[in-house]
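Enquirer: My structure is in upload.txt, and what it holds is compact mmCIF, C-alpha atoms and all ligand atoms:
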```txt
# COMPACT_ATOMS: atom_id res chain seq x y z
CA MET A 1 -20.44 10.41 0.25
CA LYS A 2 -19.79 7.70 -2.29
CA LEU A 3 -16.17 6.52 -2.37
CA PHE A 4 -14.72 4.72 -5.35
CA VAL A 5 -11.73 2.77 -4.06
CA THR A 6 -9.37 0.90 -6.39
CA GLY A 7 -7.17 -1.96 -5.20
CA GLY A 8 -9.36 -2.48 -2.13
CA ALA A 9 -8.63 -6.21 -1.99
CA GLY A 10 -4.94 -5.54 -1.37
CA PHE A 11 -3.11 -4.80 1.87
CA ILE A 12 -3.64 -1.07 2.42
CA GLY A 13 -6.88 -0.80 0.43
CA SER A 14 -8.62 -3.47 2.54
CA ASN A 15 -7.53 -1.82 5.78
CA PHE A 16 -8.75 1.52 4.39
CA ILE A 17 -12.19 0.16 3.46
CA ARG A 18 -12.72 -1.52 6.83
CA TYR A 19 -11.72 1.73 8.57
CA TRP A 20 -13.85 3.98 6.36
CA LEU A 21 -17.07 1.95 6.74
CA SER A 22 -16.67 2.09 10.50
CA ALA A 23 -15.52 5.73 10.83
CA HIS A 24 -18.02 7.19 8.30
CA PRO A 25 -21.35 5.46 8.94
CA ASP A 26 -23.25 7.46 6.29
CA ASP A 27 -20.85 6.75 3.42
CA VAL A 28 -20.90 4.00 0.82
CA VAL A 29 -17.78 2.38 -0.61
CA MET A 30 -17.34 0.70 -3.96
CA ASN A 31 -14.25 -1.49 -4.21
CA ILE A 32 -12.84 -2.03 -7.71
CA ASP A 33 -10.11 -4.62 -7.91
CA LEU A 34 -8.79 -6.88 -10.66
CA LEU A 35 -7.84 -9.56 -8.11
CA THR A 36 -4.31 -10.14 -9.32
CA TYR A 37 -2.16 -12.47 -7.18
CA ALA A 38 -2.07 -9.58 -4.64
CA GLY A 39 -5.84 -9.18 -4.37
CA ASN A 40 -7.46 -11.23 -1.63
CA LEU A 41 -11.17 -10.81 -0.87
CA GLU A 42 -10.70 -12.73 2.36
CA ASN A 43 -9.09 -9.49 3.59
CA LEU A 44 -12.63 -8.05 3.61
CA HIS A 45 -14.66 -11.10 4.70
CA ASP A 46 -16.09 -9.15 7.67
CA VAL A 47 -17.52 -6.33 5.53
CA ALA A 48 -18.58 -8.36 2.47
CA GLN A 49 -22.26 -8.33 3.54
CA ASN A 50 -22.32 -4.68 4.65
CA PRO A 51 -25.10 -2.92 2.62
CA ARG A 52 -22.84 0.16 2.29
CA TYR A 53 -20.12 -1.88 0.57
CA ALA A 54 -19.97 -3.24 -3.00
CA PHE A 55 -17.28 -5.08 -4.92
CA VAL A 56 -16.67 -5.13 -8.66
CA ARG A 57 -13.92 -7.08 -10.33
CA ALA A 58 -12.42 -4.79 -12.97
CA ASP A 59 -9.17 -3.49 -14.38
CA VAL A 60 -8.30 0.15 -13.74
CA ALA A 61 -6.90 0.31 -17.27
CA ASP A 62 -10.35 -0.60 -18.69
CA ALA A 63 -11.82 2.83 -19.53
CA SER A 64 -15.30 1.57 -20.25
CA ALA A 65 -15.57 -0.36 -16.94
CA MET A 66 -14.19 2.62 -15.01
CA LYS A 67 -16.75 4.96 -16.62
CA THR A 68 -19.62 2.63 -15.78
CA HIS A 69 -18.69 2.03 -12.15
CA MET A 70 -17.26 5.41 -11.18
CA ALA A 71 -20.43 7.30 -12.15
CA GLY A 72 -21.82 9.10 -9.11
CA ALA A 73 -18.62 8.88 -7.03
CA ASP A 74 -17.75 11.89 -4.88
CA VAL A 75 -14.27 10.70 -3.94
CA VAL A 76 -11.81 8.44 -5.77
CA VAL A 77 -9.03 6.79 -3.76
CA HIS A 78 -6.61 5.14 -6.18
CA PHE A 79 -4.62 2.39 -4.44
CA ALA A 80 -4.57 -0.21 -7.24
CA ALA A 81 -1.03 -0.90 -8.38
CA GLU A 82 1.58 -3.50 -8.96
CA SER A 83 3.43 -2.89 -5.70
CA HIS A 84 6.39 -5.24 -5.26
CA VAL A 85 9.85 -3.94 -6.18
CA ASP A 86 11.39 -7.41 -6.75
CA ARG A 87 8.65 -8.32 -9.24
CA SER A 88 9.24 -5.05 -11.12
CA ILE A 89 12.92 -5.95 -11.48
CA MET A 90 11.95 -9.29 -13.05
CA ASP A 91 9.26 -7.84 -15.37
CA ALA A 92 8.39 -4.16 -15.63
CA ALA A 93 5.53 -4.59 -18.12
CA PRO A 94 2.60 -5.12 -15.69
CA PHE A 95 3.87 -2.13 -13.67
CA MET A 96 3.75 0.18 -16.69
CA ARG A 97 0.31 -1.04 -17.66
CA THR A 98 -1.37 -0.74 -14.26
CA ASN A 99 0.60 2.04 -12.59
CA VAL A 100 0.97 4.35 -15.59
CA LEU A 101 -1.76 3.53 -18.12
CA GLY A 102 -4.19 2.57 -15.33
CA THR A 103 -3.61 5.90 -13.59
CA GLN A 104 -4.14 7.83 -16.83
CA VAL A 105 -7.46 6.00 -17.35
CA MET A 106 -8.47 6.74 -13.75
CA LEU A 107 -7.64 10.45 -14.12
CA ASP A 108 -9.43 10.80 -17.46
CA THR A 109 -12.51 9.00 -16.18
CA ALA A 110 -12.66 10.94 -12.91
CA ARG A 111 -12.20 14.22 -14.78
CA SER A 112 -14.92 13.45 -17.33
CA LEU A 113 -17.33 12.55 -14.51
CA GLY A 114 -16.55 15.68 -12.48
CA VAL A 115 -15.20 13.83 -9.42
CA GLN A 116 -14.55 16.40 -6.68
CA THR A 117 -11.71 14.69 -4.78
CA TYR A 118 -9.14 12.35 -6.28
CA ILE A 119 -6.39 10.81 -4.14
CA GLN A 120 -3.36 9.32 -5.86
CA VAL A 121 -1.93 6.98 -3.19
CA SER A 122 1.80 6.91 -3.80
CA THR A 123 5.05 6.04 -2.14
CA ASP A 124 8.25 7.59 -0.79
CA GLU A 125 10.14 5.30 -3.22
CA VAL A 126 9.64 7.86 -6.01
CA PHE A 127 12.29 10.04 -4.31
CA GLY A 128 15.08 7.46 -4.62
CA ASP A 129 17.40 7.08 -1.65
CA LEU A 130 18.95 9.40 0.92
CA PRO A 131 22.54 9.79 2.14
CA PRO A 132 23.28 8.56 5.72
CA ASP A 133 23.04 12.11 7.20
CA PRO A 134 20.08 11.89 9.65
CA GLN A 135 19.21 15.55 8.98
CA LYS A 136 18.31 14.67 5.37
CA LYS A 137 14.69 13.55 4.91
CA PHE A 138 12.13 13.43 2.10
CA SER A 139 9.51 16.18 2.04
CA GLU A 140 6.88 17.47 -0.39
CA VAL A 141 9.55 19.36 -2.36
CA SER A 142 11.98 16.46 -2.82
CA PRO A 143 12.68 15.76 -6.51
CA PHE A 144 11.64 12.45 -8.01
CA ALA A 145 14.63 10.10 -8.59
CA PRO A 146 13.18 6.58 -8.73
CA SER A 147 15.55 3.60 -8.60
CA SER A 148 13.35 0.62 -9.53
CA PRO A 149 10.88 0.07 -12.37
CA TYR A 150 8.16 -0.01 -9.67
CA ALA A 151 9.18 3.40 -8.31
CA ALA A 152 9.52 4.83 -11.84
CA SER A 153 6.01 3.64 -12.73
CA LYS A 154 4.55 5.20 -9.57
CA ALA A 155 6.43 8.45 -10.27
CA ALA A 156 4.93 8.55 -13.78
CA GLY A 157 1.41 8.17 -12.36
CA ASP A 158 2.10 10.92 -9.82
CA HIS A 159 3.41 13.27 -12.52
CA LEU A 160 0.20 12.68 -14.46
CA ALA A 161 -1.92 13.54 -11.42
CA HIS A 162 -0.04 16.83 -10.94
CA ALA A 163 -0.23 17.57 -14.68
CA TYR A 164 -4.02 17.08 -14.63
CA PHE A 165 -4.28 19.63 -11.82
CA ARG A 166 -2.08 22.14 -13.63
CA THR A 167 -3.59 21.64 -17.10
CA TYR A 168 -7.25 21.01 -16.34
CA GLY A 169 -7.64 22.17 -12.74
CA PHE A 170 -8.59 18.57 -11.91
CA PRO A 171 -8.67 18.26 -8.08
CA ALA A 172 -5.98 15.57 -7.64
CA ILE A 173 -3.96 15.20 -4.44
CA VAL A 174 -0.85 13.00 -4.26
CA THR A 175 0.29 11.29 -1.05
CA HIS A 176 3.70 9.65 -0.51
CA CYS A 177 3.78 7.26 2.42
CA GLY A 178 6.66 5.19 3.79
CA ASN A 179 6.64 1.43 4.41
CA ASN A 180 3.44 0.11 5.94
CA VAL A 181 3.26 -2.65 8.53
CA GLY A 182 0.05 -4.34 9.64
CA PRO A 183 -2.48 -7.11 9.03
CA TYR A 184 -3.40 -8.62 5.64
CA GLN A 185 -0.08 -7.88 3.91
CA PHE A 186 0.89 -10.44 1.28
CA PRO A 187 3.92 -12.39 2.55
CA GLU A 188 6.18 -11.48 -0.36
CA LYS A 189 6.99 -8.25 1.50
CA PHE A 190 9.77 -8.23 4.08
CA ILE A 191 7.90 -8.13 7.41
CA PRO A 192 5.19 -10.72 6.72
CA LEU A 193 7.77 -12.90 4.93
CA ALA A 194 10.02 -12.76 7.98
CA ILE A 195 7.13 -13.60 10.34
CA VAL A 196 5.85 -16.46 8.18
CA ASN A 197 9.30 -17.98 7.71
CA ALA A 198 10.18 -17.61 11.39
CA LEU A 199 6.92 -19.26 12.43
CA ALA A 200 7.77 -22.17 10.10
CA GLY A 201 11.39 -22.32 11.34
CA LYS A 202 12.61 -21.37 7.84
CA LYS A 203 15.54 -19.11 6.93
CA ILE A 204 14.75 -15.42 6.33
CA PRO A 205 16.55 -13.87 3.33
CA VAL A 206 18.19 -10.53 4.13
CA TYR A 207 19.42 -8.59 1.09
CA GLY A 208 23.03 -7.39 1.23
CA ASP A 209 24.19 -6.28 4.69
CA GLY A 210 20.63 -5.66 5.98
CA LEU A 211 21.54 -2.11 7.03
CA GLN A 212 19.14 -0.45 4.58
CA SER A 213 16.60 1.64 6.46
CA ARG A 214 12.98 2.50 5.80
CA SER A 215 10.38 4.79 7.38
CA TRP A 216 7.87 2.36 8.94
CA ILE A 217 4.27 3.23 9.78
CA HIS A 218 1.32 1.15 10.99
CA VAL A 219 -1.23 0.80 8.17
CA ASP A 220 -3.99 2.20 10.46
CA ASP A 221 -1.97 5.40 10.84
CA HIS A 222 -1.59 5.64 7.05
CA VAL A 223 -5.33 5.11 6.61
CA ARG A 224 -6.09 7.86 9.16
CA ALA A 225 -3.70 10.17 7.30
CA LEU A 226 -5.63 9.48 4.08
CA ASP A 227 -8.86 10.33 5.92
CA ALA A 228 -7.34 13.70 6.90
CA VAL A 229 -6.24 14.31 3.30
CA ILE A 230 -9.65 13.39 1.86
CA MET A 231 -11.56 15.55 4.34
CA ARG A 232 -9.20 18.53 4.67
CA GLY A 233 -6.47 18.25 2.00
CA ARG A 234 -6.09 20.92 -0.66
CA ALA A 235 -6.50 20.10 -4.36
CA GLY A 236 -3.23 20.00 -6.30
CA GLU A 237 -1.16 19.48 -3.15
CA THR A 238 1.27 16.76 -2.13
CA TYR A 239 1.46 15.27 1.37
CA VAL A 240 4.25 12.98 2.60
CA ILE A 241 3.34 10.58 5.41
CA GLY A 242 6.09 9.17 7.58
CA GLY A 243 6.93 6.76 10.32
CA GLU A 244 9.99 5.66 12.30
CA GLU A 245 13.30 4.95 10.61
CA LYS A 246 14.55 1.39 11.23
CA THR A 247 17.06 -0.86 9.50
CA ASN A 248 16.05 -4.25 8.17
CA ARG A 249 18.35 -5.85 10.74
CA ASP A 250 16.64 -3.95 13.61
CA ILE A 251 13.28 -5.20 12.39
CA LEU A 252 14.36 -8.77 11.96
CA HIS A 253 15.92 -8.94 15.42
CA ALA A 254 12.71 -7.53 16.92
CA ILE A 255 10.54 -10.08 15.06
CA LEU A 256 12.74 -12.99 16.11
CA ARG A 257 12.65 -11.77 19.72
CA LEU A 258 8.85 -11.45 19.67
CA LEU A 259 8.56 -15.00 18.31
CA GLY A 260 11.18 -16.46 20.65
CA LYS A 261 13.37 -17.50 17.70
CA GLY A 262 17.15 -17.29 17.30
CA ASP A 263 19.40 -15.35 14.92
CA ASP A 264 20.34 -18.64 13.20
CA LEU A 265 17.26 -18.07 10.98
CA ILE A 266 18.88 -14.99 9.39
CA SER A 267 20.35 -15.70 5.97
CA PHE A 268 22.29 -12.92 4.21
CA VAL A 269 21.73 -13.22 0.46
CA GLU A 270 22.68 -11.32 -2.68
CA ASP A 271 21.52 -7.70 -2.64
CA ARG A 272 18.51 -6.43 -4.60
CA PRO A 273 19.74 -4.68 -7.80
CA GLY A 274 19.47 -0.90 -7.45
CA HIS A 275 18.52 -1.33 -3.77
CA ASP A 276 17.75 2.01 -2.11
CA ARG A 277 19.83 2.44 1.03
CA ARG A 278 17.83 4.86 3.12
CA TYR A 279 14.35 6.42 3.30
CA ALA A 280 13.29 8.93 5.96
CA ILE A 281 10.39 11.37 5.96
CA ASN A 282 9.74 14.87 7.27
CA ASP A 283 5.95 14.91 7.61
CA GLU A 284 5.55 18.33 9.27
CA LYS A 285 3.17 19.53 6.55
CA ILE A 286 0.44 16.97 7.16
CA ARG A 287 0.91 17.32 10.93
CA ASN A 288 0.68 21.12 10.86
CA GLU A 289 -1.90 21.64 8.11
CA LEU A 290 -4.21 18.70 8.67
CA GLY A 291 -3.60 17.88 12.35
CA TRP A 292 -2.65 14.25 11.67
CA ARG A 293 -0.48 12.31 14.14
CA PRO A 294 0.47 8.61 14.11
CA GLN A 295 -1.00 6.68 17.03
CA TYR A 296 1.41 3.74 17.08
CA SER A 297 5.13 3.62 17.83
CA HIS A 298 7.08 1.27 15.59
CA ALA A 299 7.52 -1.19 18.47
CA GLU A 300 3.74 -1.28 19.06
CA ALA A 301 3.02 -1.63 15.35
CA LEU A 302 5.39 -4.56 15.00
CA GLU A 303 4.15 -6.31 18.13
CA LYS A 304 0.52 -5.95 17.03
CA THR A 305 1.36 -7.23 13.55
CA VAL A 306 3.29 -10.26 14.76
CA ALA A 307 0.38 -11.11 17.08
CA TRP A 308 -2.08 -10.72 14.17
CA TYR A 309 -0.20 -13.17 11.93
CA ARG A 310 0.09 -15.65 14.81
CA GLY A 311 -3.66 -15.41 15.41
CA HIS A 312 -4.74 -15.72 11.75
CA SER A 313 -3.36 -19.09 10.71
CA LYS A 314 -6.38 -19.82 8.50
CA TRP A 315 -5.93 -16.61 6.47
CA LEU A 316 -2.24 -17.42 6.16
CA GLN A 317 -2.89 -21.01 5.16
CA HIS A 318 -5.22 -19.87 2.37
CA VAL A 319 -2.54 -17.48 1.11
CA MET A 320 0.19 -20.12 1.23
CA ASP A 321 -1.86 -22.80 -0.57
CA ALA A 322 -3.34 -20.19 -3.00
CA SER A 323 -6.92 -21.14 -2.08
CA TYR A 324 -7.62 -17.44 -1.31
CA GLN A 325 -7.98 -17.09 -5.08
CA GLU A 326 -11.09 -19.29 -4.95
CA TYR A 327 -12.90 -16.95 -2.55
CA TYR A 328 -14.14 -14.84 -5.47
CA THR A 329 -15.61 -17.90 -7.15
CA ARG A 330 -17.40 -18.89 -3.96
CA GLN A 331 -18.75 -15.39 -3.33
CA TYR A 332 -19.48 -14.19 -6.83
CA GLY A 333 -19.83 -17.35 -8.91
CA ALA A 334 -17.32 -16.49 -11.66
CA ARG A 335 -13.96 -18.04 -12.34
CA ALA A 336 -11.10 -16.57 -10.34
CA VAL A 337 -7.83 -16.16 -12.17
CA ALA A 338 -4.79 -17.83 -10.70
CA GLY A 339 -1.22 -16.63 -11.19
CA ASN A 340 -0.20 -13.06 -11.75
CA ARG A 341 -3.42 -12.02 -13.42
P1 LIG B 1 -1.04 -4.63 -2.78
O1 LIG B 1 -0.13 -5.22 -3.81
O2 LIG B 1 -1.22 -5.33 -1.49
O3 LIG B 1 -2.48 -4.41 -3.41
C1 LIG B 1 -2.67 -3.94 -4.72
C2 LIG B 1 -4.11 -4.23 -5.13
O4 LIG B 1 -4.32 -3.68 -6.43
C3 LIG B 1 -4.43 -5.73 -5.22
O5 LIG B 1 -5.66 -6.00 -4.57
C4 LIG B 1 -4.52 -6.00 -6.72
O6 LIG B 1 -5.41 -7.04 -7.04
C5 LIG B 1 -5.01 -4.65 -7.21
N1 LIG B 1 -4.67 -4.41 -8.62
C6 LIG B 1 -3.46 -4.59 -9.22
N2 LIG B 1 -3.54 -4.28 -10.53
C7 LIG B 1 -4.83 -3.87 -10.76
C8 LIG B 1 -5.54 -3.41 -11.91
N3 LIG B 1 -4.93 -3.31 -13.09
N4 LIG B 1 -6.83 -3.05 -11.76
C9 LIG B 1 -7.46 -3.16 -10.56
N5 LIG B 1 -6.85 -3.62 -9.44
C10 LIG B 1 -5.55 -3.96 -9.55
O7 LIG B 1 -0.51 -3.14 -2.56
P2 LIG B 1 -0.49 -2.26 -1.21
O8 LIG B 1 0.75 -2.56 -0.47
O9 LIG B 1 -1.80 -2.37 -0.54
O10 LIG B 1 -0.32 -0.81 -1.86
C11 LIG B 1 -1.47 -0.06 -2.25
C12 LIG B 1 -1.01 1.27 -2.83
O11 LIG B 1 -0.27 1.99 -1.84
C13 LIG B 1 -0.09 1.13 -4.04
O12 LIG B 1 -0.43 2.15 -4.95
C14 LIG B 1 1.31 1.37 -3.48
O13 LIG B 1 2.15 1.92 -4.45
C15 LIG B 1 1.02 2.34 -2.35
N6 LIG B 1 1.95 2.28 -1.19
C16 LIG B 1 2.24 1.10 -0.58
C17 LIG B 1 3.06 1.09 0.54
C18 LIG B 1 3.40 -0.19 1.30
O14 LIG B 1 4.21 -0.14 2.22
N7 LIG B 1 2.78 -1.32 1.00
C19 LIG B 1 3.60 2.29 1.00
C20 LIG B 1 3.28 3.49 0.33
C21 LIG B 1 2.44 3.47 -0.75
O1 LIG B 2 8.48 2.71 0.87
C1 LIG B 2 7.20 2.31 0.48
C2 LIG B 2 7.28 1.01 -0.30
O2 LIG B 2 7.49 -0.02 0.66
C3 LIG B 2 6.03 0.72 -1.12
O3 LIG B 2 5.92 1.68 -2.12
C4 LIG B 2 6.11 -0.67 -1.77
O4 LIG B 2 4.89 -0.96 -2.42
C5 LIG B 2 6.35 -1.69 -0.68
O5 LIG B 2 6.53 -2.97 -1.26
C6 LIG B 2 7.59 -1.31 0.12
O6 LIG B 2 8.78 -1.42 -0.71
P1 LIG B 2 10.15 -2.02 -0.12
O7 LIG B 2 10.98 -2.46 -1.25
O8 LIG B 2 10.75 -1.09 0.87
O9 LIG B 2 9.50 -3.27 0.70
P2 LIG B 2 9.95 -4.76 0.83
O10 LIG B 2 9.08 -5.36 1.89
O11 LIG B 2 10.05 -5.47 -0.47
O12 LIG B 2 11.44 -4.62 1.42
C7 LIG B 2 11.69 -3.91 2.63
C8 LIG B 2 13.20 -3.95 2.85
O13 LIG B 2 13.58 -5.31 3.13
C9 LIG B 2 14.01 -3.54 1.64
O14 LIG B 2 15.18 -2.87 2.07
C10 LIG B 2 14.39 -4.86 0.97
C11 LIG B 2 14.52 -5.79 2.16
N1 LIG B 2 14.19 -7.21 1.90
C12 LIG B 2 13.01 -7.49 1.29
C13 LIG B 2 12.64 -8.80 1.04
C14 LIG B 2 11.33 -9.13 0.35
C15 LIG B 2 15.04 -8.20 2.32
O15 LIG B 2 16.13 -7.93 2.91
N2 LIG B 2 14.68 -9.51 2.10
C16 LIG B 2 13.52 -9.85 1.46
O16 LIG B 2 13.25 -11.05 1.26
```
So, in terms of structure tokens, how does the structure I just supplied come out?
Expert:
Amino acid sequence: MKLFVTGGAGFIGSNFIRYWLSAHPDDVVMNIDLLTYAGNLENLHDVAQNPRYAFVRADVADASAMKTHMAGADVVVHFAAESHVDRSIMDAAPFMRTNVLGTQVMLDTARSLGVQTYIQVSTDEVFGDLPPDPQKKFSEVSPFAPSSPYAASKAAGDHLAHAYFRTYGFPAIVTHCGNNVGPYQFPEKFIPLAIVNALAGKKIPVYGDGLQSRSWIHVDDHVRALDAVIMRGRAGETYVIGGEEKTNRDILHAILRLLGKGDDLISFVEDRPGHDRRYAINDEKIRNELGWRPQYSHAEALEKTVAWYRGHSKWLQHVMDASYQEYYTRQYGARAVAGNR
């Protein structure tokens, strides 16, 4: 099969591509990524020379580029997005452009080319937040009630994917996963930020009371769930993908313990506007229908991730001094764009 993967230089996309090339030795993967601040080709340094892998720098909202490069693809896996909630609160515009317009371009292009499997990789954030009752969890039938501009932009893209199935019979599938933890995540997100700051002996900002909870999953388990959806998922369906519910405080204490650091590094700061209190996921459907199971407990996932960041100081250094943005220039000979775009 030929896979057309968008956003493959980001956190989840790069883990997905590495996994797919190894687990599916007859398949070829094309990675399309604009290389915004969040795109880092060093995430894929070990597969860059693989003859079954190709990279093209392009914008998912560029219809002509998508048409050229998607031709011949059997499967489209659409990861590319603006993904950070705090950035969406500061400026929603790039989120609307990439997550809404970009998704419409992807759907139109894939439909016109007759793509047989299209995966819209989405998030549990589209469902808003849950009350404290532990019996209440998100599932495939939960209504969309996004709280942040990021979540609203993802919800719009997901609605489009469902509408293309209903209107045109286009074989889109939407997945909603919880919070991922694992290697190669940009340290603006909570877990890598906490690890990086703790390693440097710097304070770690905790929003509000730190008792917000999320459903945490190792990125490898998410990627394996996507494999199950691509191979056995049904067109037009939704699958939620869950992990273990933990509060931000629980996570921070565990990270500080793993790094042998004290609680004096915790700094409670002003809460995120519109901050969702609780996410939890009932993922019986993907377990029962597609036979997927997570392989890592949350404790294992966190331990593995902390060890990875400790062992990859060069990767981290290049992210912190922004030199990762020069990797494209070195590899492909064109000018890499610094800043947000
Ligand atoms: P990320 O920010 O690490 O990576 C996003 C990638 O998309 C980057 O490589 C970036 O360069 C690229 N990109 C951005 N705009 C683009 C454009 N216009 N054209 C082409 N490429 C563009 O994000 P992530 O955490 O890996 O998330 C990937 C997807 O998974 C997103 O759709 C996100 O909504 C979803 N998701 C993330 C999580 C999580 O915990 N991180 C959980 C559930 C779902
Ligand atoms: O639920 C899936 C979502 O998980 C994905 O769709 C998003 O792309 C991804 O960024 C993530 O969103 P969150 O907002 O949950 O992740 P973030 O790492 O930004 O924050 C996790 C929790 O930690 C959240 O409750 C806010 C809190 N937080 C975050 C940061 C960056 C802090 O307390 N301090 C911080 O500095």
Enquirer: Between A:Ala198, A:Leu21, A:Leu302, A:Val319, single out the one closest to Asp264 (chain A), counting all atoms listed in the file.
Expert: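 Counting all atoms listed in the file, the residue closest to Asp264 (chain A) is A:Ala198.
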Enquirer: Got a sec: who's within 9 Å of Val181 (chain A), counting all atoms listed in the file, leaving out chain neighbours fewer than 4 positions off, as an MDAnalysis selection string?
Expert: chainID A and resid 185 191:192 216:220 298 301:302 305
Enquirer: Set the cut-off to 7 Å, count only C-alpha atoms and all ligand atoms, and list whatever residues fall near ligand LIG 1 (chain B) as a ChimeraX atom specification.
Expert: /A:6-13,32-40,58-61,78-84,98,102,121-124,154,176-181,185-186
Enquirer: Which one is closest to ligand LIG 2 (chain B): A:Val75, A:Leu160, A:Leu226, A:Ile281? Count all atoms listed in the file.
Expert: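 Result for the nearest residue to ligand LIG 2 (chain B): A:Ile281.
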Enquirer: Looking at all atoms listed in the file, which of A:Trp292, A:Phe95, A:Tyr309, A:Tyr328 is the one that sits closest to Ala152 (chain A)?
Expert: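 Of A:Trp292, A:Phe95, A:Tyr309, A:Tyr328, the one nearest Ala152 (chain A), counting all atoms listed in the file, is A:Phe95.
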